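Below is protein-v3.cif, holding mmCIF, C-alpha atoms, pLDDT in the B column; chains and numbers go by the auth columns.
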```cif
data_upload
#
loop_
_atom_site.group_PDB
_atom_site.id
_atom_site.type_symbol
_atom_site.label_atom_id
_atom_site.label_comp_id
_atom_site.label_asym_id
_atom_site.label_seq_id
_atom_site.Cartn_x
_atom_site.Cartn_y
_atom_site.Cartn_z
_atom_site.B_iso_or_equiv
_atom_site.auth_seq_id
_atom_site.auth_asym_id
ATOM 1 C CA MET A 1 100.569 97.017 88.463 78.00 1 A
ATOM 2 C CA ALA A 2 100.929 96.268 84.786 82.00 2 A
ATOM 3 C CA ASP A 3 97.318 96.463 83.654 93.00 3 A
ATOM 4 C CA ALA A 4 93.669 96.454 84.656 93.00 4 A
ATOM 5 C CA GLN A 5 93.516 92.651 84.683 95.00 5 A
ATOM 6 C CA ALA A 6 96.318 92.440 87.244 96.00 6 A
ATOM 7 C CA VAL A 7 94.607 95.097 89.348 97.00 7 A
ATOM 8 C CA ALA A 8 91.317 93.189 89.124 98.00 8 A
ATOM 9 C CA ALA A 9 92.869 89.936 90.305 98.00 9 A
ATOM 10 C CA VAL A 10 94.321 91.576 93.418 98.00 10 A
ATOM 11 C CA ALA A 11 91.075 93.446 94.144 98.00 11 A
ATOM 12 C CA ALA A 12 89.116 90.183 93.885 98.00 12 A
ATOM 13 C CA GLU A 13 91.532 88.557 96.333 98.00 13 A
ATOM 14 C CA HIS A 14 90.844 91.372 98.783 97.00 14 A
ATOM 15 C CA LEU A 15 87.086 90.846 98.437 97.00 15 A
ATOM 16 C CA LEU A 16 87.244 87.103 98.994 97.00 16 A
ATOM 17 C CA GLY A 17 89.661 87.584 101.850 96.00 17 A
ATOM 18 C CA ALA A 18 87.284 90.033 103.517 96.00 18 A
ATOM 19 C CA ARG A 19 84.424 87.542 103.253 94.00 19 A
ATOM 20 C CA GLN A 20 86.589 84.832 104.792 92.00 20 A
ATOM 21 C CA ASP A 21 88.175 86.958 107.514 92.00 21 A
ATOM 22 C CA GLN A 22 85.186 89.139 108.454 90.00 22 A
ATOM 23 C CA PRO A 23 82.071 87.058 107.804 91.00 23 A
ATOM 24 C CA ASP A 24 80.040 89.201 110.220 92.00 24 A
ATOM 25 C CA ARG A 25 80.701 92.509 108.418 96.00 25 A
ATOM 26 C CA PRO A 26 78.995 93.435 105.119 98.00 26 A
ATOM 27 C CA LEU A 27 81.022 94.203 102.033 98.00 27 A
ATOM 28 C CA GLY A 28 80.692 97.630 100.450 98.00 28 A
ATOM 29 C CA LEU A 29 80.479 97.252 96.671 98.00 29 A
ATOM 30 C CA ALA A 30 80.631 99.578 93.681 98.00 30 A
ATOM 31 C CA THR A 31 79.541 99.512 90.043 97.00 31 A
ATOM 32 C CA GLY A 32 80.876 100.953 86.795 93.00 32 A
ATOM 33 C CA ARG A 33 83.419 100.024 84.148 93.00 33 A
ATOM 34 C CA THR A 34 86.292 99.785 86.628 96.00 34 A
ATOM 35 C CA MET A 35 84.438 97.054 88.485 98.00 35 A
ATOM 36 C CA LEU A 36 83.719 94.841 85.456 97.00 36 A
ATOM 37 C CA PRO A 37 87.149 93.132 85.442 98.00 37 A
ATOM 38 C CA VAL A 38 87.137 93.037 89.250 98.00 38 A
ATOM 39 C CA TYR A 39 83.907 91.064 89.344 98.00 39 A
ATOM 40 C CA ALA A 40 85.063 88.868 86.454 98.00 40 A
ATOM 41 C CA ALA A 41 88.178 88.017 88.484 98.00 41 A
ATOM 42 C CA LEU A 42 86.027 87.396 91.560 98.00 42 A
ATOM 43 C CA ARG A 43 83.863 84.941 89.626 98.00 43 A
ATOM 44 C CA LEU A 44 86.975 83.149 88.383 98.00 44 A
ATOM 45 C CA GLN A 45 88.484 82.886 91.857 98.00 45 A
ATOM 46 C CA TRP A 46 85.132 81.809 93.305 97.00 46 A
ATOM 47 C CA GLY A 47 84.998 78.977 90.747 97.00 47 A
ATOM 48 C CA GLN A 48 88.372 77.728 91.949 97.00 48 A
ATOM 49 C CA LEU A 49 87.088 77.234 95.493 97.00 49 A
ATOM 50 C CA GLY A 50 85.712 73.948 96.727 97.00 50 A
ATOM 51 C CA ARG A 51 81.956 73.510 97.001 96.00 51 A
ATOM 52 C CA ALA A 52 82.012 73.551 100.794 96.00 52 A
ATOM 53 C CA GLU A 53 83.884 76.863 100.839 95.00 53 A
ATOM 54 C CA GLN A 54 81.581 78.340 98.206 96.00 54 A
ATOM 55 C CA HIS A 55 78.584 77.292 100.281 96.00 55 A
ATOM 56 C CA GLN A 56 80.032 78.877 103.414 94.00 56 A
ATOM 57 C CA LEU A 57 80.758 82.162 101.641 95.00 57 A
ATOM 58 C CA ARG A 58 77.362 82.168 99.943 96.00 58 A
ATOM 59 C CA GLU A 59 75.419 81.520 103.142 93.00 59 A
ATOM 60 C CA GLY A 60 77.025 84.419 104.988 92.00 60 A
ATOM 61 C CA TRP A 61 77.149 86.917 102.134 97.00 61 A
ATOM 62 C CA LEU A 62 75.782 90.403 102.728 98.00 62 A
ATOM 63 C CA SER A 63 76.805 93.479 100.756 98.00 63 A
ATOM 64 C CA PHE A 64 75.640 97.062 100.431 98.00 64 A
ATOM 65 C CA ASN A 65 76.157 98.875 97.155 98.00 65 A
ATOM 66 C CA LEU A 66 77.162 102.500 97.136 98.00 66 A
ATOM 67 C CA ASP A 67 74.367 103.904 95.041 98.00 67 A
ATOM 68 C CA GLU A 68 71.437 103.655 92.660 98.00 68 A
ATOM 69 C CA TYR A 69 69.797 105.963 90.129 98.00 69 A
ATOM 70 C CA VAL A 70 66.530 107.617 91.129 98.00 70 A
ATOM 71 C CA GLY A 71 63.744 106.641 88.736 98.00 71 A
ATOM 72 C CA LEU A 72 65.042 103.239 87.588 98.00 72 A
ATOM 73 C CA ALA A 73 63.448 99.970 88.645 98.00 73 A
ATOM 74 C CA ALA A 74 65.697 97.127 89.795 97.00 74 A
ATOM 75 C CA ARG A 75 64.687 95.177 86.668 96.00 75 A
ATOM 76 C CA ASP A 76 65.717 98.034 84.359 98.00 76 A
ATOM 77 C CA ARG A 77 68.859 96.870 82.548 97.00 77 A
ATOM 78 C CA ARG A 78 70.465 100.280 83.141 97.00 78 A
ATOM 79 C CA SER A 79 70.069 100.135 86.914 98.00 79 A
ATOM 80 C CA PHE A 80 72.872 99.235 89.266 98.00 80 A
ATOM 81 C CA ALA A 81 70.653 96.519 90.735 98.00 81 A
ATOM 82 C CA ALA A 82 70.581 94.830 87.318 98.00 82 A
ATOM 83 C CA PHE A 83 74.342 95.297 86.995 98.00 83 A
ATOM 84 C CA MET A 84 74.930 93.528 90.305 98.00 84 A
ATOM 85 C CA ALA A 85 72.499 90.737 89.427 98.00 85 A
ATOM 86 C CA ASP A 86 74.431 90.075 86.217 98.00 86 A
ATOM 87 C CA GLN A 87 77.875 90.384 87.763 98.00 87 A
ATOM 88 C CA LEU A 88 77.502 88.631 91.124 98.00 88 A
ATOM 89 C CA GLN A 89 74.026 87.648 92.242 98.00 89 A
ATOM 90 C CA ASP A 90 73.196 85.187 89.470 98.00 90 A
ATOM 91 C CA PRO A 91 76.722 83.798 88.857 98.00 91 A
ATOM 92 C CA LEU A 92 77.414 83.196 92.560 98.00 92 A
ATOM 93 C CA GLY A 93 73.905 81.988 93.372 97.00 93 A
ATOM 94 C CA LEU A 94 73.182 84.743 95.867 97.00 94 A
ATOM 95 C CA GLY A 95 69.721 85.768 96.988 96.00 95 A
ATOM 96 C CA PRO A 96 68.386 89.224 96.139 93.00 96 A
ATOM 97 C CA ASP A 97 68.365 90.204 99.824 96.00 97 A
ATOM 98 C CA GLN A 98 72.085 89.450 100.080 98.00 98 A
ATOM 99 C CA LEU A 99 72.985 92.319 97.741 98.00 99 A
ATOM 100 C CA GLN A 100 71.430 95.461 99.156 98.00 100 A
ATOM 101 C CA LEU A 101 70.906 98.598 97.036 98.00 101 A
ATOM 102 C CA PRO A 102 68.746 101.694 97.436 98.00 102 A
ATOM 103 C CA ASP A 103 65.290 101.502 95.862 98.00 103 A
ATOM 104 C CA GLY A 104 65.409 103.730 92.787 98.00 104 A
ATOM 105 C CA LEU A 105 61.602 103.803 92.599 98.00 105 A
ATOM 106 C CA ALA A 106 60.972 104.793 96.206 98.00 106 A
ATOM 107 C CA ALA A 107 58.166 107.356 96.450 98.00 107 A
ATOM 108 C CA ASP A 108 60.361 109.584 98.600 98.00 108 A
ATOM 109 C CA PRO A 109 64.053 109.267 97.608 98.00 109 A
ATOM 110 C CA ARG A 110 65.186 111.319 100.595 98.00 110 A
ATOM 111 C CA GLN A 111 63.386 109.023 102.990 98.00 111 A
ATOM 112 C CA GLU A 112 64.777 106.015 101.105 98.00 112 A
ATOM 113 C CA ALA A 113 68.307 107.372 101.594 98.00 113 A
ATOM 114 C CA ARG A 114 67.687 107.646 105.331 98.00 114 A
ATOM 115 C CA ARG A 115 66.273 104.115 105.411 98.00 115 A
ATOM 116 C CA TYR A 116 69.236 102.724 103.471 98.00 116 A
ATOM 117 C CA GLY A 117 71.788 104.393 105.713 98.00 117 A
ATOM 118 C CA ALA A 118 69.976 103.081 108.787 98.00 118 A
ATOM 119 C CA ALA A 119 69.884 99.562 107.330 98.00 119 A
ATOM 120 C CA LEU A 120 73.640 99.627 106.832 98.00 120 A
ATOM 121 C CA ALA A 121 74.197 100.838 110.393 98.00 121 A
ATOM 122 C CA ALA A 122 71.908 98.091 111.726 98.00 122 A
ATOM 123 C CA ALA A 123 73.972 95.516 109.821 97.00 123 A
ATOM 124 C CA GLY A 124 77.105 96.629 111.673 97.00 124 A
ATOM 125 C CA GLY A 125 78.662 98.933 109.089 97.00 125 A
ATOM 126 C CA ILE A 126 80.990 98.014 106.259 98.00 126 A
ATOM 127 C CA GLY A 127 84.004 95.782 106.721 98.00 127 A
ATOM 128 C CA LEU A 128 85.761 96.298 103.386 98.00 128 A
ATOM 129 C CA GLN A 129 84.546 99.112 101.103 98.00 129 A
ATOM 130 C CA VAL A 130 85.563 98.877 97.440 98.00 130 A
ATOM 131 C CA LEU A 131 85.603 102.158 95.516 98.00 131 A
ATOM 132 C CA GLY A 132 86.286 103.423 92.047 97.00 132 A
ATOM 133 C CA LEU A 133 87.402 106.981 91.353 97.00 133 A
ATOM 134 C CA GLY A 134 85.298 109.409 89.322 95.00 134 A
ATOM 135 C CA LEU A 135 86.885 111.778 86.831 95.00 135 A
ATOM 136 C CA ASN A 136 85.862 114.721 89.009 95.00 136 A
ATOM 137 C CA GLY A 137 87.069 113.026 92.180 96.00 137 A
ATOM 138 C CA HIS A 138 83.763 111.601 93.338 97.00 138 A
ATOM 139 C CA VAL A 139 83.500 108.303 95.194 98.00 139 A
ATOM 140 C CA GLY A 140 80.089 106.710 95.155 97.00 140 A
ATOM 141 C CA PHE A 141 78.026 109.578 93.800 97.00 141 A
ATOM 142 C CA ASN A 142 79.462 112.086 96.267 98.00 142 A
ATOM 143 C CA GLU A 143 79.918 114.988 93.878 96.00 143 A
ATOM 144 C CA PRO A 144 82.191 117.945 94.648 97.00 144 A
ATOM 145 C CA PRO A 145 81.921 119.902 96.816 97.00 145 A
ATOM 146 C CA CYS A 146 81.318 117.295 99.507 98.00 146 A
ATOM 147 C CA ALA A 147 82.078 117.367 103.209 98.00 147 A
ATOM 148 C CA ALA A 148 83.675 114.435 104.991 98.00 148 A
ATOM 149 C CA ASP A 149 80.599 113.983 107.194 98.00 149 A
ATOM 150 C CA ALA A 150 78.051 113.950 104.352 98.00 150 A
ATOM 151 C CA PRO A 151 75.525 111.150 105.069 98.00 151 A
ATOM 152 C CA CYS A 152 73.634 108.795 102.780 98.00 152 A
ATOM 153 C CA ARG A 153 71.360 111.049 100.726 98.00 153 A
ATOM 154 C CA CYS A 154 69.662 111.817 97.422 98.00 154 A
ATOM 155 C CA LEU A 155 71.552 114.293 95.245 97.00 155 A
ATOM 156 C CA GLU A 156 71.832 115.693 91.726 97.00 156 A
ATOM 157 C CA LEU A 157 74.478 114.259 89.427 97.00 157 A
ATOM 158 C CA SER A 158 77.009 116.539 87.771 95.00 158 A
ATOM 159 C CA ALA A 159 77.344 116.869 84.007 95.00 159 A
ATOM 160 C CA THR A 160 80.772 115.201 84.250 93.00 160 A
ATOM 161 C CA THR A 161 79.363 112.169 86.030 95.00 161 A
ATOM 162 C CA ARG A 162 76.428 111.834 83.666 96.00 162 A
ATOM 163 C CA ALA A 163 78.785 111.953 80.687 95.00 163 A
ATOM 164 C CA GLN A 164 81.056 109.368 82.304 93.00 164 A
ATOM 165 C CA ASN A 165 78.094 107.002 82.827 95.00 165 A
ATOM 166 C CA ALA A 166 76.420 107.582 79.467 96.00 166 A
ATOM 167 C CA ALA A 167 77.566 104.295 77.911 94.00 167 A
ATOM 168 C CA ALA A 168 74.777 102.394 79.652 94.00 168 A
ATOM 169 C CA PHE A 169 72.255 104.887 78.253 97.00 169 A
ATOM 170 C CA GLY A 170 73.052 104.615 74.568 96.00 170 A
ATOM 171 C CA GLY A 171 75.933 107.065 74.867 97.00 171 A
ATOM 172 C CA ASP A 172 73.587 109.968 75.600 98.00 172 A
ATOM 173 C CA PRO A 173 74.430 111.889 78.804 97.00 173 A
ATOM 174 C CA GLN A 174 70.977 113.491 78.702 97.00 174 A
ATOM 175 C CA ALA A 175 69.435 110.039 79.134 97.00 175 A
ATOM 176 C CA VAL A 176 71.286 109.452 82.407 98.00 176 A
ATOM 177 C CA PRO A 177 69.016 110.136 85.394 98.00 177 A
ATOM 178 C CA LEU A 178 69.438 113.515 87.026 98.00 178 A
ATOM 179 C CA ARG A 179 69.503 112.167 90.570 98.00 179 A
ATOM 180 C CA ALA A 180 70.839 109.244 92.564 98.00 180 A
ATOM 181 C CA ILE A 181 70.856 107.909 96.103 98.00 181 A
ATOM 182 C CA THR A 182 74.366 107.379 97.443 98.00 182 A
ATOM 183 C CA LEU A 183 76.088 106.352 100.619 98.00 183 A
ATOM 184 C CA GLY A 184 77.890 109.417 101.902 98.00 184 A
ATOM 185 C CA LEU A 185 81.478 109.983 102.933 98.00 185 A
ATOM 186 C CA ALA A 186 80.272 109.427 106.488 98.00 186 A
ATOM 187 C CA GLU A 187 79.367 105.792 105.782 98.00 187 A
ATOM 188 C CA ILE A 188 82.378 105.231 103.525 98.00 188 A
ATOM 189 C CA LEU A 189 84.874 106.580 106.056 98.00 189 A
ATOM 190 C CA ALA A 190 83.237 104.476 108.788 98.00 190 A
ATOM 191 C CA ALA A 191 84.285 101.295 106.941 98.00 191 A
ATOM 192 C CA GLU A 192 86.971 99.270 108.684 97.00 192 A
ATOM 193 C CA ARG A 193 89.044 99.111 105.480 98.00 193 A
ATOM 194 C CA ILE A 194 88.837 100.814 102.090 98.00 194 A
ATOM 195 C CA LEU A 195 90.116 99.544 98.746 98.00 195 A
ATOM 196 C CA LEU A 196 90.369 102.172 95.989 98.00 196 A
ATOM 197 C CA VAL A 197 90.692 100.709 92.480 98.00 197 A
ATOM 198 C CA VAL A 198 91.979 103.066 89.755 98.00 198 A
ATOM 199 C CA THR A 199 92.712 102.041 86.163 97.00 199 A
ATOM 200 C CA GLY A 200 93.313 103.792 82.856 96.00 200 A
ATOM 201 C CA ALA A 201 95.159 106.881 81.696 96.00 201 A
ATOM 202 C CA ALA A 202 91.958 108.930 81.914 95.00 202 A
ATOM 203 C CA LYS A 203 92.185 108.655 85.724 96.00 203 A
ATOM 204 C CA ALA A 204 95.858 109.678 85.951 97.00 204 A
ATOM 205 C CA ALA A 205 95.278 113.388 86.511 96.00 205 A
ATOM 206 C CA ILE A 206 92.636 112.946 89.202 97.00 206 A
ATOM 207 C CA LEU A 207 94.708 110.253 90.925 97.00 207 A
ATOM 208 C CA LYS A 208 97.658 112.649 90.972 96.00 208 A
ATOM 209 C CA ARG A 209 95.486 115.268 92.669 96.00 209 A
ATOM 210 C CA LEU A 210 94.259 112.686 95.165 96.00 210 A
ATOM 211 C CA LEU A 211 97.832 111.774 96.105 93.00 211 A
ATOM 212 C CA GLN A 212 99.112 115.327 96.139 93.00 212 A
ATOM 213 C CA ASP A 213 96.407 117.738 97.254 92.00 213 A
ATOM 214 C CA PRO A 214 95.339 118.188 100.888 94.00 214 A
ATOM 215 C CA PRO A 215 91.934 116.743 101.813 97.00 215 A
ATOM 216 C CA GLY A 216 89.056 119.056 101.008 97.00 216 A
ATOM 217 C CA PRO A 217 85.470 119.213 99.737 98.00 217 A
ATOM 218 C CA GLU A 218 86.416 120.045 96.124 97.00 218 A
ATOM 219 C CA LEU A 219 87.943 116.571 95.759 98.00 219 A
ATOM 220 C CA PRO A 220 85.650 114.211 97.707 98.00 220 A
ATOM 221 C CA ALA A 221 87.998 111.231 97.324 98.00 221 A
ATOM 222 C CA SER A 222 90.718 113.216 99.105 97.00 222 A
ATOM 223 C CA TRP A 223 88.917 112.613 102.416 98.00 223 A
ATOM 224 C CA LEU A 224 90.076 109.002 102.145 98.00 224 A
ATOM 225 C CA ARG A 225 93.520 110.194 103.204 95.00 225 A
ATOM 226 C CA ARG A 226 92.141 110.696 106.703 94.00 226 A
ATOM 227 C CA HIS A 227 91.162 107.026 106.969 97.00 227 A
ATOM 228 C CA ARG A 228 93.373 104.689 108.970 95.00 228 A
ATOM 229 C CA ALA A 229 93.397 101.825 106.434 97.00 229 A
ATOM 230 C CA VAL A 230 93.128 102.694 102.745 97.00 230 A
ATOM 231 C CA THR A 231 94.794 100.619 100.038 97.00 231 A
ATOM 232 C CA VAL A 232 95.104 102.003 96.503 97.00 232 A
ATOM 233 C CA ILE A 233 95.480 99.531 93.641 97.00 233 A
ATOM 234 C CA ALA A 234 96.261 101.178 90.297 97.00 234 A
ATOM 235 C CA ASP A 235 97.567 100.092 86.911 97.00 235 A
ATOM 236 C CA ALA A 236 100.560 101.512 85.064 96.00 236 A
ATOM 237 C CA ALA A 237 98.395 103.831 82.979 96.00 237 A
ATOM 238 C CA ALA A 238 96.846 105.483 86.037 97.00 238 A
ATOM 239 C CA LEU A 239 100.244 105.636 87.728 94.00 239 A
ATOM 240 C CA SER A 240 102.141 107.006 84.755 87.00 240 A
ATOM 241 C CA PRO A 241 105.294 109.005 85.606 65.00 241 A
ATOM 242 C CA THR A 242 103.582 112.278 84.836 58.00 242 A
ATOM 243 C CA ALA A 243 100.641 111.397 87.063 47.00 243 A
ATOM 244 C CA VAL A 244 102.300 110.627 90.371 45.00 244 A
ATOM 245 C CA PRO A 245 103.979 113.285 92.520 43.00 245 A
ATOM 246 C CA THR A 246 107.685 112.705 93.156 38.00 246 A
ATOM 247 C CA ALA A 247 107.236 112.843 96.921 37.00 247 A
ATOM 248 C CA PRO A 248 103.656 111.940 97.922 38.00 248 A
ATOM 249 C CA PRO A 249 102.686 112.773 101.501 37.00 249 A
ATOM 250 C CA ARG A 250 102.062 109.092 102.171 41.00 250 A
ATOM 251 C CA PRO A 251 102.896 105.880 100.286 37.00 251 A
ATOM 252 C CA PRO A 252 100.539 105.587 97.285 39.00 252 A
ATOM 253 C CA ASP A 253 99.772 101.914 97.784 41.00 253 A
ATOM 254 C CA CYS A 254 98.533 102.008 101.379 37.00 254 A
ATOM 255 C CA TRP A 255 97.705 105.021 103.538 39.00 255 A
#
```
Can I see the file as structure tokens?
Amino acid sequence: MADAQAVAAVAAEHLLGARQDQPDRPLGLATGRTMLPVYAALRLQWGQLGRAEQHQLREGWLSFNLDEYVGLAARDRRSFAAFMADQLQDPLGLGPDQLQLPDGLAADPRQEARRYGAALAAAGGIGLQVLGLGLNGHVGFNEPPCAADAPCRCLELSATTRAQNAAAFGGDPQAVPLRAITLGLAEILAAERILLVVTGAAKAAILKRLLQDPPGPELPASWLRRHRAVTVIADAAALSPTAVPTAPPRPPDCW
């Protein structure tokens, strides 16, 4: 696609379509810079719906976010809970219980990870999981190396990931929390469908590896290639001629 805005519009259509077609399955949502235009497009498309349709979608909404920093309260402006409140909860009029995230202030983060994974399973598992792609190939906060059966857990963040997320912390990677709770590849790969959103030239090299390299723990996102229904939406910068293999093992738009 031409640019990030075009990618965002299509991703938002997928999200709304999932809510309409699978009202009994939770959405799996992500945060980060890649998601900002996606959620902006979702708000725009939501505003174009009639009130009755908005009400129906709002009443049945349930989503589980991928992750949250350990040590940040939901009201902390740097938390992913605050991000989701700004981007979707408040604009769409959703209740706080409709957007589920791990508790970053839980006394025992490992126990909280187990609780969060169990809550997702009790809700029926994810219908459509939306993902971004980390510069080191992580999805969620599943840092390399990561096995395909890794469960929801508390883990340490890599230096690459902390640098990538430093903008929300005054540009200082050292201010980014050391740990996070994340859904694992086990929960992600259990989703009925997966939508991977990749934008920007900075992601071109890692996207090329994802399309070209065999699945393995050193590139956690590569496990997505084993899923039965993955769609990749990328802009021209991420899919530059030097970034995409000439003969990918599978079509790059839908695996």
**OP:** Please evaluate the PyMOL selection byres ((chain A and resi 223) around 12) against the structure above and give the resulting residues as a PyMOL selection string.
**Re:** chain A and resi 137-139+142+144-150+184-186+188-190+194+210-211+213-222+224-228+230+255
Original post:
Pick the closest to Leu27 (chain A) from A:Asp235, A:Glu192, A:Glu112, A:Glu59: which is it, counting all atoms listed in the file?
Top reply: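 Nearest to Leu27 (chain A): A:Glu192.
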Evaluated on this file, the PyMOL selection byres ((chain A and resi 4) around 9) picks out some residues - which ones are they, written as a PDB file with C-alpha atoms, in the frame of the given file?
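As written to disk, expr_33.pdb reads:
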```pdb
ATOM      1  CA  MET A   1     100.569  97.017  88.463  1.00 78.00           C
ATOM      2  CA  ALA A   2     100.929  96.268  84.786  1.00 82.00           C
ATOM      3  CA  ASP A   3      97.318  96.463  83.654  1.00 93.00           C
ATOM      4  CA  GLN A   5      93.516  92.651  84.683  1.00 95.00           C
ATOM      5  CA  ALA A   6      96.318  92.440  87.244  1.00 96.00           C
ATOM      6  CA  VAL A   7      94.607  95.097  89.348  1.00 97.00           C
ATOM      7  CA  ALA A   8      91.317  93.189  89.124  1.00 98.00           C
ATOM      8  CA  ALA A   9      92.869  89.936  90.305  1.00 98.00           C
ATOM      9  CA  THR A  34      86.292  99.785  86.628  1.00 96.00           C
ATOM     10  CA  PRO A  37      87.149  93.132  85.442  1.00 98.00           C
ATOM     11  CA  VAL A  38      87.137  93.037  89.250  1.00 98.00           C
ATOM     12  CA  VAL A 198      91.979 103.066  89.755  1.00 98.00           C
ATOM     13  CA  THR A 199      92.712 102.041  86.163  1.00 97.00           C
ATOM     14  CA  GLY A 200      93.313 103.792  82.856  1.00 96.00           C
ATOM     15  CA  ALA A 234      96.261 101.178  90.297  1.00 97.00           C
ATOM     16  CA  ASP A 235      97.567 100.092  86.911  1.00 97.00           C
ATOM     17  CA  ALA A 236     100.560 101.512  85.064  1.00 96.00           C
ATOM     18  CA  ALA A 237      98.395 103.831  82.979  1.00 96.00           C
TER      19      ALA A 237
END
```
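Minimum atom-to-atom distance to Leu101 (chain A), evaluated using all atoms listed in the file, belongs to A:Leu66 out of A:Arg114, A:Leu66, A:Thr161, A:Ala205.
Between CA of Ala118 (chain A) and CA of Asn65 (chain A) there is a distance of 13.8 Å.
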Original post:
Near Ala123 (chain A), counting only C-alpha atoms, which residues have an atom at most 8 Å away, once you skip same-chain residues fewer than 4 positions from it, shown as a PyMOL selection string?
Top reply: chain A and resi 25-26+119
Written file, previous selection with C-alpha atoms, as a PDB file, in the coordinates of the input:
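See again_25.pdb below for the written result:
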```pdb
ATOM      1  CA  ARG A  25      80.701  92.509 108.418  1.00 96.00           C
ATOM      2  CA  PRO A  26      78.995  93.435 105.119  1.00 98.00           C
ATOM      3  CA  ALA A 119      69.884  99.562 107.330  1.00 98.00           C
TER       4      ALA A 119
END
```
**OP:** Starting from the shown file, work through the PyMOL selection byres ((chain A and resi 70) around 10) and note down what comes out as JSON, numbers by chain.
**Re:** {"A": [67, 68, 69, 71, 72, 73, 79, 102, 103, 104, 105, 106, 107, 108, 109, 154, 155, 156, 177, 178, 179, 180, 181]}
Now that the selection is made, can you save its residues with C-alpha atoms as a compact mmCIF listing (two decimals), keeping the file's coordinate frame?
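Saved the output as selection39.txt:
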```
# COMPACT_ATOMS: atom_id res chain seq x y z
CA ASP A 67 74.37 103.90 95.04
CA GLU A 68 71.44 103.66 92.66
CA TYR A 69 69.80 105.96 90.13
CA GLY A 71 63.74 106.64 88.74
CA LEU A 72 65.04 103.24 87.59
CA ALA A 73 63.45 99.97 88.64
CA SER A 79 70.07 100.14 86.91
CA PRO A 102 68.75 101.69 97.44
CA ASP A 103 65.29 101.50 95.86
CA GLY A 104 65.41 103.73 92.79
CA LEU A 105 61.60 103.80 92.60
CA ALA A 106 60.97 104.79 96.21
CA ALA A 107 58.17 107.36 96.45
CA ASP A 108 60.36 109.58 98.60
CA PRO A 109 64.05 109.27 97.61
CA CYS A 154 69.66 111.82 97.42
CA LEU A 155 71.55 114.29 95.24
CA GLU A 156 71.83 115.69 91.73
CA PRO A 177 69.02 110.14 85.39
CA LEU A 178 69.44 113.52 87.03
CA ARG A 179 69.50 112.17 90.57
CA ALA A 180 70.84 109.24 92.56
CA ILE A 181 70.86 107.91 96.10
```
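Residue nearest Leu62 (chain A), chosen from A:Arg33, A:Gly127, A:Phe83, A:Arg77 and counting all atoms listed in the file: A:Gly127.
Taking only C-alpha atoms into account, Leu29 (chain A) lies nearest to A:Ala191 out of the set A:Ala113, A:Ala168, A:Ala122, A:Ala191.
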Original post:
From the list A:Pro151, A:Gly17, A:Gly32, A:Gly124, which residue is nearest Ala167 (chain A) when using only C-alpha atoms?
Top reply: A:Gly32
Original post:
Looking at only C-alpha atoms, which of A:Trp61, A:Thr31, A:Leu92, A:Arg19 is the one that sits closest to Trp46 (chain A)?
Top reply: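 Among the listed residues, the smallest separation from Trp46 (chain A) belongs to A:Leu92.
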Name the residues within 9 Å of (64.4, 92.4, 92.5), counting only C-alpha atoms in the file's coordinates, and put them as an mmCIF file with C-alpha atoms, in the coordinates of the input.
```cif
data_model
loop_
_atom_site.group_PDB
_atom_site.id
_atom_site.type_symbol
_atom_site.label_atom_id
_atom_site.label_comp_id
_atom_site.auth_asym_id
_atom_site.auth_seq_id
_atom_site.Cartn_x
_atom_site.Cartn_y
_atom_site.Cartn_z
ATOM 1 C CA ALA A 73 63.448 99.970 88.645
ATOM 2 C CA ALA A 74 65.697 97.127 89.795
ATOM 3 C CA ARG A 75 64.687 95.177 86.668
ATOM 4 C CA ALA A 81 70.653 96.519 90.735
ATOM 5 C CA ALA A 82 70.581 94.830 87.318
ATOM 6 C CA ALA A 85 72.499 90.737 89.427
ATOM 7 C CA PRO A 96 68.386 89.224 96.139
ATOM 8 C CA ASP A 97 68.365 90.204 99.824
#
```
